[in-house]
file upload-v5.cif (mmCIF, C-alpha atoms)
data_data
#
loop_
_atom_site.group_PDB
_atom_site.id
_atom_site.type_symbol
_atom_site.label_atom_id
_atom_site.label_comp_id
_atom_site.auth_asym_id
_atom_site.auth_seq_id
_atom_site.Cartn_x
_atom_site.Cartn_y
_atom_site.Cartn_z
ATOM 1 C CA MET A 11 -70.830 73.425 132.644
ATOM 2 C CA SER A 12 -69.051 75.867 130.348
ATOM 3 C CA ILE A 13 -65.854 77.666 131.380
ATOM 4 C CA THR A 14 -65.159 81.058 129.811
ATOM 5 C CA ILE A 15 -61.640 82.502 129.626
ATOM 6 C CA ARG A 16 -61.791 86.268 129.333
ATOM 7 C CA ASN A 17 -59.880 89.452 130.086
ATOM 8 C CA TYR A 18 -60.007 91.105 133.498
ATOM 9 C CA GLN A 19 -62.227 94.177 133.865
ATOM 10 C CA PRO A 20 -62.171 96.778 136.681
ATOM 11 C CA GLU A 21 -65.530 95.571 137.970
ATOM 12 C CA ASP A 22 -63.951 92.141 138.638
ATOM 13 C CA PHE A 23 -61.700 93.545 141.358
ATOM 14 C CA GLU A 24 -63.531 92.372 144.496
ATOM 15 C CA ALA A 25 -64.131 88.867 143.133
ATOM 16 C CA TYR A 26 -60.521 88.729 141.955
ATOM 17 C CA VAL A 27 -59.292 89.604 145.466
ATOM 18 C CA GLU A 28 -61.407 86.787 146.926
ATOM 19 C CA LEU A 29 -59.926 84.350 144.414
ATOM 20 C CA VAL A 30 -56.322 85.431 145.015
ATOM 21 C CA ILE A 31 -56.447 85.316 148.827
ATOM 22 C CA GLY A 32 -58.242 81.982 148.931
ATOM 23 C CA GLY A 33 -61.872 82.800 149.619
ATOM 24 C CA PRO A 34 -64.169 84.597 152.063
ATOM 25 C CA THR A 35 -62.640 82.911 155.159
ATOM 26 C CA ALA A 36 -59.901 85.544 155.380
ATOM 27 C CA GLY A 37 -60.197 87.944 158.298
ATOM 28 C CA LYS A 38 -60.959 91.627 157.787
ATOM 29 C CA SER A 39 -57.372 92.731 158.373
ATOM 30 C CA ASP A 40 -56.045 90.034 156.047
ATOM 31 C CA LYS A 41 -58.469 91.039 153.316
ATOM 32 C CA ALA A 42 -57.618 94.719 153.754
ATOM 33 C CA ALA A 43 -53.909 93.985 153.412
ATOM 34 C CA SER A 44 -54.531 91.760 150.417
ATOM 35 C CA THR A 45 -56.803 94.295 148.732
ATOM 36 C CA ARG A 46 -54.165 96.988 149.079
ATOM 37 C CA TRP A 47 -51.376 94.690 147.863
ATOM 38 C CA ILE A 48 -53.356 93.476 144.850
ATOM 39 C CA LYS A 49 -54.382 97.003 143.905
ATOM 40 C CA GLU A 50 -50.715 98.021 143.979
ATOM 41 C CA GLN A 51 -49.720 95.057 141.813
ATOM 42 C CA LEU A 52 -52.329 95.939 139.202
ATOM 43 C CA ALA A 53 -51.054 99.537 139.172
ATOM 44 C CA LYS A 54 -47.449 98.693 138.282
ATOM 45 C CA PRO A 55 -46.048 101.013 135.594
ATOM 46 C CA ASP A 56 -45.554 98.098 133.189
ATOM 47 C CA ARG A 57 -48.947 96.472 133.839
ATOM 48 C CA GLU A 58 -52.132 96.626 131.785
ATOM 49 C CA PRO A 59 -54.421 94.222 133.686
ATOM 50 C CA GLN A 60 -57.254 94.520 131.172
ATOM 51 C CA ARG A 61 -54.837 93.170 128.597
ATOM 52 C CA ASP A 62 -52.530 90.750 130.413
ATOM 53 C CA LEU A 63 -54.676 89.283 133.195
ATOM 54 C CA PHE A 64 -57.044 86.482 132.146
ATOM 55 C CA LEU A 65 -59.879 85.072 134.250
ATOM 56 C CA ALA A 66 -61.689 81.734 134.153
ATOM 57 C CA GLU A 67 -65.396 82.199 134.809
ATOM 58 C CA GLU A 68 -68.206 79.709 135.336
ATOM 59 C CA GLU A 69 -71.821 80.864 135.683
ATOM 60 C CA GLY A 70 -70.708 84.322 136.797
ATOM 61 C CA MET A 71 -68.162 83.025 139.354
ATOM 62 C CA LEU A 72 -64.406 83.505 138.994
ATOM 63 C CA VAL A 73 -62.698 80.130 139.393
ATOM 64 C CA GLY A 74 -59.164 80.825 138.175
ATOM 65 C CA TYR A 75 -56.769 83.417 136.782
ATOM 66 C CA VAL A 76 -53.408 83.784 135.077
ATOM 67 C CA ASN A 77 -51.192 86.867 135.214
ATOM 68 C CA ILE A 78 -48.759 87.643 132.416
ATOM 69 C CA LEU A 79 -45.729 89.820 133.099
ATOM 70 C CA GLY A 80 -43.444 90.358 130.168
ATOM 71 C CA SER A 81 -41.292 92.525 127.985
ATOM 72 C CA VAL A 82 -41.875 92.760 124.268
ATOM 73 C CA GLU A 83 -38.361 94.198 123.958
ATOM 74 C CA THR A 84 -36.642 91.144 125.457
ATOM 75 C CA GLY A 85 -39.225 88.467 124.611
ATOM 76 C CA HIS A 86 -39.127 87.285 128.240
ATOM 77 C CA PHE A 87 -42.509 86.540 129.895
ATOM 78 C CA ILE A 88 -43.409 85.239 133.379
ATOM 79 C CA LEU A 89 -46.747 83.601 134.206
ATOM 80 C CA GLY A 90 -48.447 83.172 137.557
ATOM 81 C CA GLY A 91 -51.928 82.031 138.449
ATOM 82 C CA ARG A 92 -54.319 79.997 140.521
ATOM 83 C CA VAL A 93 -57.375 77.783 140.193
ATOM 84 C CA HIS A 94 -59.832 77.747 143.105
ATOM 85 C CA PRO A 95 -59.359 74.465 145.062
ATOM 86 C CA SER A 96 -62.960 73.361 144.547
ATOM 87 C CA HIS A 97 -62.595 73.685 140.772
ATOM 88 C CA ARG A 98 -59.314 71.869 140.222
ATOM 89 C CA ARG A 99 -58.823 68.691 138.175
ATOM 90 C CA ARG A 100 -61.246 69.941 135.534
ATOM 91 C CA GLY A 101 -58.738 71.249 132.994
ATOM 92 C CA ILE A 102 -59.126 74.914 133.971
ATOM 93 C CA GLY A 103 -55.424 75.302 134.698
ATOM 94 C CA THR A 104 -54.606 73.903 131.254
ATOM 95 C CA MET A 105 -57.065 76.305 129.593
ATOM 96 C CA LEU A 106 -55.565 79.305 131.395
ATOM 97 C CA LEU A 107 -51.972 78.279 130.712
ATOM 98 C CA GLU A 108 -52.601 77.650 127.024
ATOM 99 C CA LYS A 109 -54.389 81.001 126.702
ATOM 100 C CA ALA A 110 -51.469 82.786 128.388
ATOM 101 C CA MET A 111 -48.906 80.993 126.239
ATOM 102 C CA ALA A 112 -50.747 81.838 123.014
ATOM 103 C CA TYR A 113 -51.114 85.468 124.074
ATOM 104 C CA SER A 114 -47.435 85.743 125.058
ATOM 105 C CA GLN A 115 -46.291 84.147 121.817
ATOM 106 C CA ALA A 116 -48.455 86.545 119.800
ATOM 107 C CA LEU A 117 -46.573 89.402 121.491
ATOM 108 C CA GLY A 118 -43.257 87.882 120.421
ATOM 109 C CA ALA A 119 -42.321 85.831 123.489
ATOM 110 C CA SER A 120 -39.220 83.707 123.031
ATOM 111 C CA VAL A 121 -39.025 82.527 126.658
ATOM 112 C CA ILE A 122 -41.902 81.833 129.070
ATOM 113 C CA GLN A 123 -41.228 81.058 132.726
ATOM 114 C CA ILE A 124 -43.413 79.890 135.603
ATOM 115 C CA PRO A 125 -42.194 80.054 139.233
ATOM 116 C CA LEU A 126 -43.604 77.242 141.395
ATOM 117 C CA LEU A 127 -42.971 76.286 145.000
ATOM 118 C CA ASP A 128 -41.600 72.747 145.285
ATOM 119 C CA GLU A 129 -44.806 71.698 147.094
ATOM 120 C CA MET A 130 -46.956 72.689 144.097
ATOM 121 C CA THR A 131 -46.805 69.262 142.495
ATOM 122 C CA SER A 132 -49.981 69.647 140.413
ATOM 123 C CA GLY A 133 -48.647 72.862 138.919
ATOM 124 C CA GLN A 134 -45.359 71.167 138.137
ATOM 125 C CA ARG A 135 -47.159 68.321 136.362
ATOM 126 C CA LEU A 136 -49.168 70.787 134.305
ATOM 127 C CA ALA A 137 -46.052 72.739 133.352
ATOM 128 C CA GLU A 138 -44.227 69.565 132.367
ATOM 129 C CA LYS A 139 -47.199 68.437 130.253
ATOM 130 C CA GLU A 140 -47.063 71.767 128.392
ATOM 131 C CA GLY A 141 -43.355 71.390 127.638
ATOM 132 C CA PHE A 142 -41.789 73.341 130.508
ATOM 133 C CA SER A 143 -38.710 72.110 132.349
ATOM 134 C CA VAL A 144 -37.032 73.240 135.580
ATOM 135 C CA VAL A 145 -34.063 75.454 134.721
ATOM 136 C CA ARG A 146 -33.297 77.075 138.077
ATOM 137 C CA THR A 147 -34.045 76.551 141.760
ATOM 138 C CA TYR A 148 -34.168 79.334 144.333
ATOM 139 C CA TRP A 149 -34.131 78.752 148.076
ATOM 140 C CA VAL A 150 -36.274 80.623 150.569
ATOM 141 C CA MET A 151 -34.267 81.021 153.777
ATOM 142 C CA GLU A 152 -35.425 82.300 157.168
ATOM 143 C CA LEU A 153 -33.767 83.669 160.279
ATOM 144 C CA GLU A 154 -35.303 83.787 163.739
ATOM 145 C CA GLY A 155 -32.205 84.494 165.831
ATOM 146 C CA GLU A 156 -30.094 87.593 166.288
ATOM 147 C CA VAL A 157 -27.218 88.825 164.126
ATOM 148 C CA PRO A 158 -24.152 90.858 165.103
ATOM 149 C CA LYS A 159 -24.141 94.626 164.927
ATOM 150 C CA ALA A 160 -23.283 95.851 161.430
ATOM 151 C CA ARG A 161 -19.673 96.824 160.847
ATOM 152 C CA PHE A 162 -18.789 98.421 157.535
ATOM 153 C CA PRO A 163 -15.173 97.971 156.474
ATOM 154 C CA HIS A 164 -13.160 101.175 156.073
ATOM 155 C CA PRO A 165 -13.662 103.406 154.072
ATOM 156 C CA PHE A 166 -17.233 102.344 153.225
ATOM 157 C CA ARG A 167 -20.268 104.084 154.705
ATOM 158 C CA CYS A 168 -24.000 103.448 154.729
ATOM 159 C CA HIS A 169 -27.076 105.665 154.575
ATOM 160 C CA HIS A 170 -30.822 105.320 154.020
ATOM 161 C CA PHE A 171 -32.532 105.880 150.712
ATOM 162 C CA MET A 172 -33.727 109.461 150.302
ATOM 163 C CA PRO A 173 -36.086 111.074 147.775
ATOM 164 C CA GLY A 174 -33.975 111.837 144.729
ATOM 165 C CA ASP A 175 -31.987 108.583 144.997
ATOM 166 C CA GLU A 176 -34.191 106.757 142.457
ATOM 167 C CA GLU A 177 -31.703 106.958 139.570
ATOM 168 C CA THR A 178 -28.822 105.991 141.860
ATOM 169 C CA LEU A 179 -30.668 102.961 143.234
ATOM 170 C CA ALA A 180 -31.658 101.817 139.744
ATOM 171 C CA ASP A 181 -28.028 102.139 138.639
ATOM 172 C CA ILE A 182 -26.560 100.071 141.491
ATOM 173 C CA HIS A 183 -29.273 97.431 141.024
ATOM 174 C CA ASN A 184 -28.376 97.112 137.348
ATOM 175 C CA ARG A 185 -24.636 96.982 138.064
ATOM 176 C CA ALA A 186 -25.009 94.468 140.878
ATOM 177 C CA PHE A 187 -27.309 92.046 139.043
ATOM 178 C CA GLY A 188 -26.468 92.628 135.398
ATOM 179 C CA ASP A 189 -24.608 89.303 135.200
ATOM 180 C CA SER A 190 -27.238 87.325 137.140
ATOM 181 C CA TRP A 191 -29.705 84.772 135.793
ATOM 182 C CA GLY A 192 -33.154 86.250 135.214
ATOM 183 C CA PHE A 193 -31.867 89.831 135.436
ATOM 184 C CA ARG A 194 -34.400 92.561 134.692
ATOM 185 C CA PRO A 195 -33.044 96.124 134.547
ATOM 186 C CA TYR A 196 -34.656 98.827 136.656
ATOM 187 C CA SER A 197 -35.369 102.400 135.663
ATOM 188 C CA ALA A 198 -35.832 105.332 138.021
ATOM 189 C CA ALA A 199 -39.590 104.988 137.409
ATOM 190 C CA ASP A 200 -39.474 101.333 138.503
ATOM 191 C CA VAL A 201 -37.724 102.321 141.726
ATOM 192 C CA SER A 202 -40.117 105.211 142.348
ATOM 193 C CA TYR A 203 -43.121 102.889 142.089
ATOM 194 C CA ARG A 204 -41.628 100.190 144.337
ATOM 195 C CA VAL A 205 -40.513 102.622 147.032
ATOM 196 C CA GLN A 206 -44.064 103.903 147.384
ATOM 197 C CA ILE A 207 -45.928 100.586 147.734
ATOM 198 C CA SER A 208 -47.220 99.718 151.188
ATOM 199 C CA CYS A 209 -44.707 96.974 152.031
ATOM 200 C CA CYS A 210 -41.713 99.264 151.445
ATOM 201 C CA ARG A 211 -40.321 102.048 153.588
ATOM 202 C CA PRO A 212 -37.543 104.371 152.373
ATOM 203 C CA GLU A 213 -35.723 104.017 155.706
ATOM 204 C CA GLY A 214 -35.603 100.258 155.091
ATOM 205 C CA ILE A 215 -33.450 100.690 151.977
ATOM 206 C CA PHE A 216 -29.726 100.954 152.690
ATOM 207 C CA LEU A 217 -27.038 102.261 150.324
ATOM 208 C CA ALA A 218 -23.345 101.507 150.825
ATOM 209 C CA THR A 219 -20.947 104.148 149.534
ATOM 210 C CA HIS A 220 -17.259 104.419 148.674
ATOM 211 C CA GLY A 221 -16.555 108.111 148.564
ATOM 212 C CA ASP A 222 -19.382 109.591 146.496
ATOM 213 C CA ALA A 223 -20.145 106.335 144.650
ATOM 214 C CA VAL A 224 -22.918 103.949 145.678
ATOM 215 C CA VAL A 225 -21.410 100.452 145.468
ATOM 216 C CA GLY A 226 -24.010 98.251 147.182
ATOM 217 C CA TYR A 227 -27.553 98.233 148.531
ATOM 218 C CA CYS A 228 -30.042 96.247 150.590
ATOM 219 C CA TRP A 229 -33.796 96.662 150.215
ATOM 220 C CA THR A 230 -36.181 95.355 152.874
ATOM 221 C CA ARG A 231 -39.918 94.791 152.779
ATOM 222 C CA ILE A 232 -42.505 94.345 155.520
ATOM 223 C CA GLU A 233 -45.224 91.864 154.616
ATOM 224 C CA GLU A 234 -48.427 92.606 156.536
ATOM 225 C CA GLY A 235 -50.675 89.562 156.492
ATOM 226 C CA TYR A 236 -51.153 88.729 152.822
ATOM 227 C CA ALA A 237 -52.704 85.354 153.703
ATOM 228 C CA PRO A 238 -55.159 84.493 156.511
ATOM 229 C CA GLN A 239 -53.520 84.130 159.947
ATOM 230 C CA GLU A 240 -50.135 85.028 158.489
ATOM 231 C CA ALA A 241 -47.989 87.034 160.894
ATOM 232 C CA VAL A 242 -46.181 90.206 159.950
ATOM 233 C CA SER A 243 -42.772 89.286 158.586
ATOM 234 C CA GLY A 244 -39.743 91.016 157.175
ATOM 235 C CA THR A 245 -38.042 90.249 153.891
ATOM 236 C CA VAL A 246 -34.596 91.089 152.627
ATOM 237 C CA TRP A 247 -35.968 91.591 149.144
ATOM 238 C CA LEU A 248 -32.816 92.623 147.288
ATOM 239 C CA LEU A 249 -29.168 92.605 148.322
ATOM 240 C CA GLY A 250 -26.530 93.509 145.760
ATOM 241 C CA VAL A 251 -22.936 94.711 145.578
ATOM 242 C CA ASP A 252 -21.048 96.066 142.581
ATOM 243 C CA SER A 253 -18.788 93.298 141.259
ATOM 244 C CA HIS A 254 -15.678 95.470 141.816
ATOM 245 C CA TYR A 255 -16.397 95.648 145.562
ATOM 246 C CA ARG A 256 -17.323 92.079 146.400
ATOM 247 C CA ARG A 257 -15.536 89.845 148.917
ATOM 248 C CA CYS A 258 -14.676 92.721 151.225
ATOM 249 C CA GLY A 259 -17.519 92.330 153.741
ATOM 250 C CA LEU A 260 -20.011 94.773 152.228
ATOM 251 C CA GLY A 261 -22.738 92.165 151.666
ATOM 252 C CA ARG A 262 -22.547 90.964 155.256
ATOM 253 C CA ALA A 263 -22.540 94.531 156.602
ATOM 254 C CA LEU A 264 -25.582 95.487 154.528
ATOM 255 C CA LEU A 265 -27.441 92.313 155.491
ATOM 256 C CA THR A 266 -26.836 92.709 159.224
ATOM 257 C CA THR A 267 -27.886 96.362 158.955
ATOM 258 C CA ALA A 268 -31.143 95.282 157.329
ATOM 259 C CA VAL A 269 -31.869 92.477 159.810
ATOM 260 C CA ASN A 270 -31.232 94.712 162.803
ATOM 261 C CA TYR A 271 -33.498 97.368 161.286
ATOM 262 C CA LEU A 272 -36.314 94.803 160.990
ATOM 263 C CA ARG A 273 -35.644 93.535 164.516
ATOM 264 C CA GLY A 274 -36.053 97.116 165.723
ATOM 265 C CA LEU A 275 -39.586 96.985 164.332
ATOM 266 C CA SER A 276 -40.307 93.890 166.487
ATOM 267 C CA ILE A 277 -40.259 91.602 163.461
ATOM 268 C CA THR A 278 -39.120 88.181 164.603
ATOM 269 C CA THR A 279 -38.876 86.283 161.314
ATOM 270 C CA VAL A 280 -36.761 87.553 158.432
ATOM 271 C CA SER A 281 -36.650 85.788 155.081
ATOM 272 C CA LEU A 282 -34.772 86.100 151.825
ATOM 273 C CA THR A 283 -34.503 84.258 148.509
ATOM 274 C CA VAL A 284 -31.277 83.086 146.903
ATOM 275 C CA ASP A 285 -30.235 81.222 143.771
ATOM 276 C CA SER A 286 -29.293 77.691 144.862
ATOM 277 C CA ARG A 287 -26.164 77.987 142.686
ATOM 278 C CA ASN A 288 -24.934 81.090 144.526
ATOM 279 C CA HIS A 289 -22.774 79.174 146.980
ATOM 280 C CA PRO A 290 -20.854 82.192 148.424
ATOM 281 C CA ALA A 291 -24.128 83.958 149.293
ATOM 282 C CA ILE A 292 -25.627 80.818 150.820
ATOM 283 C CA ALA A 293 -22.510 80.329 152.950
ATOM 284 C CA MET A 294 -22.816 83.910 154.236
ATOM 285 C CA TYR A 295 -26.508 83.488 155.025
ATOM 286 C CA GLU A 296 -25.986 80.183 156.804
ATOM 287 C CA GLY A 297 -23.112 81.707 158.762
ATOM 288 C CA LEU A 298 -25.533 84.303 160.110
ATOM 289 C CA GLY A 299 -28.130 81.671 161.040
ATOM 290 C CA PHE A 300 -30.451 81.573 158.022
ATOM 291 C CA THR A 301 -31.870 78.146 157.191
ATOM 292 C CA LYS A 302 -33.610 76.859 154.075
ATOM 293 C CA THR A 303 -37.391 76.548 154.490
ATOM 294 C CA GLU A 304 -38.637 75.908 150.941
ATOM 295 C CA ALA A 305 -37.590 75.979 147.315
ATOM 296 C CA MET A 306 -38.936 77.867 144.318
ATOM 297 C CA LEU A 307 -38.638 76.056 140.995
ATOM 298 C CA TRP A 308 -38.368 78.158 137.851
ATOM 299 C CA CYS A 309 -39.892 76.265 134.939
ATOM 300 C CA GLU A 310 -39.105 77.469 131.444
ATOM 301 C CA LYS A 311 -40.196 76.906 127.879
ATOM 302 C CA ARG A 312 -38.493 78.419 124.850
ATOM 303 C CA LEU A 313 -40.662 79.333 121.889
ATOM 304 C CA ALA A 314 -40.194 80.141 118.252
ATOM 305 C CA PRO A 315 -41.926 83.494 117.685
ATOM 306 C CA PRO A 316 -44.709 83.665 115.117
ATOM 307 C CA PRO A 317 -43.662 84.550 111.547
ATOM 308 C CA GLY A 318 -42.696 88.189 111.100
ATOM 309 C CA ILE A 319 -41.917 88.820 114.791
ATOM 310 C CA SER A 320 -38.332 89.081 115.946
ATOM 311 C CA PRO A 321 -37.487 87.281 119.230
ATOM 312 C CA PHE A 322 -35.586 90.438 120.196
ATOM 313 C CA GLY A 323 -38.572 92.723 119.862
ATOM 314 C CA PRO A 324 -39.316 95.416 117.264
#

call {"tool": "encode", "arguments": {"input": "upload-v5.cif", "output": "structure tokens"}}
result
Amino acid sequence: MSITIRNYQPEDFEAYVELVIGGPTAGKSDKAASTRWIKEQLAKPDREPQRDLFLAEEEGMLVGYVNILGSVETGHFILGGRVHPSHRRRGIGTMLLEKAMAYSQALGASVIQIPLLDEMTSGQRLAEKEGFSVVRTYWVMELEGEVPKARFPHPFRCHHFMPGDEETLADIHNRAFGDSWGFRPYSAADVSYRVQISCCRPEGIFLATHGDAVVGYCWTRIEEGYAPQEAVSGTVWLLGVDSHYRRCGLGRALLTTAVNYLRGLSITTVSLTVDSRNHPAIAMYEGLGFTKTEAMLWCEKRLAPPPGISPFGP
């Protein structure tokens, strides 16, 4: 039977949700949460799903997809996708990946990355076959116990995010992570969008200050049943400190503030993600009781842009 690779259209939304969440076996609450989450992802300020989301279709049924997130300015693109379990081992993943790679390269991509959990062995084999190699490993760590009460070293203080703090939060994010692998700068518009999505609450974003300057932040998320039978969980999504204020206890104070905030919402499991090479951060997390539960492999392929296109954008 013939497989068609085509662009996403708005009328595909319901079938796309079914494909992303794994099929019609999801409960009503799970599907509602997933529908909301997927709708928010498609509405990102930098997304054009009818352009950069490709679907694999067979006889009117969606059997796979690939998402393309990228920046023409930097030439950095990230791919993510899925093939329905009953349609795997038929070359559909290869067709989607090759379509996404060709599309990204036509836009001037110089680097394409694919994040894969370490258990996704078939995806890793496909990536390797297409010339990708693992360049970075991130750990997912979880905490189920308690943490001490937050204590901010003098003279630092902490307050919640408030409307109007968008530019400030974007600035501290860029200062804290500007020297990190895979860094993507935020604008005030990026922050405004992310603060308003359903898994984020402004009171779950904490800003550390030194006088009038914001020098660190911690941003939590509440994940509400994205997959079937998945319990509500809390995530320390981003934790960053200005390089001039590190190693003085701010990271630990922000993290314990965030964990205790999530505990106050009756969330028992808190997770975070960390670069496996960031040994000081891992030591702090382990000291508070976090343990590694899985690994995320970042596979990368570097490309020569097509003739006439600069790898650094227009």

call {"tool": "residues_around", "arguments": {"input": "upload-v5.cif", "residues": "A:Leu265", "least_positions_apart": "2", "cutoff": "12 Å", "atoms": "all atoms listed in the file", "output": "MDAnalysis selection string"}}
result
chainID A and resid 153 157:162 168 214:218 226:230 245:251 259:263 267:272 280:282 291 294:295 297:298 300

call {"tool": "write_last_selection", "arguments": {"input": "upload-v5.cif", "atoms": "C-alpha atoms", "output": "compact mmCIF listing (two decimals), keeping the file's coordinate frame"}}
result
# COMPACT_ATOMS: atom_id res chain seq x y z
CA LEU A 153 -33.77 83.67 160.28
CA VAL A 157 -27.22 88.82 164.13
CA PRO A 158 -24.15 90.86 165.10
CA LYS A 159 -24.14 94.63 164.93
CA ALA A 160 -23.28 95.85 161.43
CA ARG A 161 -19.67 96.82 160.85
CA PHE A 162 -18.79 98.42 157.54
CA CYS A 168 -24.00 103.45 154.73
CA GLY A 214 -35.60 100.26 155.09
CA ILE A 215 -33.45 100.69 151.98
CA PHE A 216 -29.73 100.95 152.69
CA LEU A 217 -27.04 102.26 150.32
CA ALA A 218 -23.34 101.51 150.82
CA GLY A 226 -24.01 98.25 147.18
CA TYR A 227 -27.55 98.23 148.53
CA CYS A 228 -30.04 96.25 150.59
CA TRP A 229 -33.80 96.66 150.22
CA THR A 230 -36.18 95.36 152.87
CA THR A 245 -38.04 90.25 153.89
CA VAL A 246 -34.60 91.09 152.63
CA TRP A 247 -35.97 91.59 149.14
CA LEU A 248 -32.82 92.62 147.29
CA LEU A 249 -29.17 92.60 148.32
CA GLY A 250 -26.53 93.51 145.76
CA VAL A 251 -22.94 94.71 145.58
CA GLY A 259 -17.52 92.33 153.74
CA LEU A 260 -20.01 94.77 152.23
CA GLY A 261 -22.74 92.16 151.67
CA ARG A 262 -22.55 90.96 155.26
CA ALA A 263 -22.54 94.53 156.60
CA THR A 267 -27.89 96.36 158.96
CA ALA A 268 -31.14 95.28 157.33
CA VAL A 269 -31.87 92.48 159.81
CA ASN A 270 -31.23 94.71 162.80
CA TYR A 271 -33.50 97.37 161.29
CA LEU A 272 -36.31 94.80 160.99
CA VAL A 280 -36.76 87.55 158.43
CA SER A 281 -36.65 85.79 155.08
CA LEU A 282 -34.77 86.10 151.82
CA ALA A 291 -24.13 83.96 149.29
CA MET A 294 -22.82 83.91 154.24
CA TYR A 295 -26.51 83.49 155.02
CA GLY A 297 -23.11 81.71 158.76
CA LEU A 298 -25.53 84.30 160.11
CA PHE A 300 -30.45 81.57 158.02

call {"tool": "closest_residue", "arguments": {"input": "upload-v5.cif", "among": "A:Gln51, A:Thr278, A:Thr14, A:Ser96", "to": "A:Leu29", "atoms": "all atoms listed in the file"}}
result
A:Ser96

call {"tool": "closest_residue", "arguments": {"input": "upload-v5.cif", "among": "A:Asp222, A:Glu28, A:Glu304, A:Glu310", "to": "A:Met130", "atoms": "only C-alpha atoms"}}
result
A:Glu304

call {"tool": "resolve_selection", "arguments": {"input": "upload-v5.cif", "expression": "the PyMOL selection byres ((chain A and resi 56) around 9)", "output": "PyMOL selection string"}}
result
chain A and resi 53-55+57-58+79-81+200

call {"tool": "resolve_selection", "arguments": {"input": "upload-v5.cif", "expression": "the PyMOL selection byres ((chain A and resi 109) around 12)", "output": "MDAnalysis selection string"}}
result
chainID A and resid 14:17 62:66 75:78 89 102:108 110:116 140

call {"tool": "atom_distance", "arguments": {"input": "upload-v5.cif", "atom1": "atom CA of A:Leu275", "atom2": "atom CA of A:Asp252"}}
result
28.6 Å

call {"tool": "closest_residue", "arguments": {"input": "upload-v5.cif", "among": "A:Pro20, A:Gly91, A:Gly74, A:Gly32", "to": "A:Lys49", "atoms": "only C-alpha atoms"}}
result
A:Pro20

call {"tool": "atom_distance", "arguments": {"input": "upload-v5.cif", "atom1": "atom CA of A:Ile48", "atom2": "atom CA of A:Ile232"}}
result
15.2 Å

call {"tool": "residues_around", "arguments": {"input": "upload-v5.cif", "residues": "A:Ala305", "least_positions_apart": "4", "cutoff": "10 Å", "atoms": "all atoms listed in the file", "output": "MDAnalysis selection string"}}
result
chainID A and resid 126:129 147:151 283:286

call {"tool": "atom_distance", "arguments": {"input": "upload-v5.cif", "atom1": "atom CA of A:Gly244", "atom2": "atom CA of A:Ser208"}}
result
12.9 Å

call {"tool": "closest_residue", "arguments": {"input": "upload-v5.cif", "among": "A:Leu307, A:Ile182, A:Ile88, A:Ala119", "to": "A:Gln134", "atoms": "all atoms listed in the file"}}
result
A:Leu307

call {"tool": "residues_around", "arguments": {"input": "upload-v5.cif", "residues": "A:His97", "least_positions_apart": "2", "cutoff": "12 Å", "atoms": "only C-alpha atoms", "output": "ChimeraX atom specification"}}
result
/A:11,13,29,66-68,71-74,92-95,99-103

call {"tool": "write_last_selection", "arguments": {"input": "upload-v5.cif", "atoms": "C-alpha atoms", "output": "PDB file, in the coordinates of the input"}}
result
ATOM      1  CA  MET A  11     -70.830  73.425 132.644  1.00  0.00           C
ATOM      2  CA  ILE A  13     -65.854  77.666 131.380  1.00  0.00           C
ATOM      3  CA  LEU A  29     -59.926  84.350 144.414  1.00  0.00           C
ATOM      4  CA  ALA A  66     -61.689  81.734 134.153  1.00  0.00           C
ATOM      5  CA  GLU A  67     -65.396  82.199 134.809  1.00  0.00           C
ATOM      6  CA  GLU A  68     -68.206  79.709 135.336  1.00  0.00           C
ATOM      7  CA  MET A  71     -68.162  83.025 139.354  1.00  0.00           C
ATOM      8  CA  LEU A  72     -64.406  83.505 138.994  1.00  0.00           C
ATOM      9  CA  VAL A  73     -62.698  80.130 139.393  1.00  0.00           C
ATOM     10  CA  GLY A  74     -59.164  80.825 138.175  1.00  0.00           C
ATOM     11  CA  ARG A  92     -54.319  79.997 140.521  1.00  0.00           C
ATOM     12  CA  VAL A  93     -57.375  77.783 140.193  1.00  0.00           C
ATOM     13  CA  HIS A  94     -59.832  77.747 143.105  1.00  0.00           C
ATOM     14  CA  PRO A  95     -59.359  74.465 145.062  1.00  0.00           C
ATOM     15  CA  ARG A  99     -58.823  68.691 138.175  1.00  0.00           C
ATOM     16  CA  ARG A 100     -61.246  69.941 135.534  1.00  0.00           C
ATOM     17  CA  GLY A 101     -58.738  71.249 132.994  1.00  0.00           C
ATOM     18  CA  ILE A 102     -59.126  74.914 133.971  1.00  0.00           C
ATOM     19  CA  GLY A 103     -55.424  75.302 134.698  1.00  0.00           C
TER      20      GLY A 103
END

call {"tool": "decode", "arguments": {"input": "upload-v5.cif", "residues": "stretch 281-286 of chain A", "atoms": "N, CA and C atoms", "output": "tab-separated table (two decimals), in the first residue's frame"}}
result
chain	number	residue	atom	x	y	z
A	281	SER	N	10.54	16.11	38.88
A	281	SER	CA	11.63	15.71	37.98
A	281	SER	C	12.34	16.93	37.43
A	282	LEU	N	13.51	16.70	36.90
A	282	LEU	CA	14.27	17.73	36.20
A	282	LEU	C	15.21	17.05	35.22
A	283	THR	N	15.78	17.82	34.32
A	283	THR	CA	16.71	17.31	33.32
A	283	THR	C	18.01	18.07	33.42
A	284	VAL	N	19.13	17.35	33.30
A	284	VAL	CA	20.44	17.98	33.47
A	284	VAL	C	21.44	17.38	32.50
A	285	ASP	N	22.32	18.21	31.99
A	285	ASP	CA	23.41	17.75	31.13
A	285	ASP	C	24.31	16.82	31.94
A	286	SER	N	24.58	15.63	31.42
A	286	SER	CA	25.38	14.65	32.16
A	286	SER	C	26.80	15.13	32.42
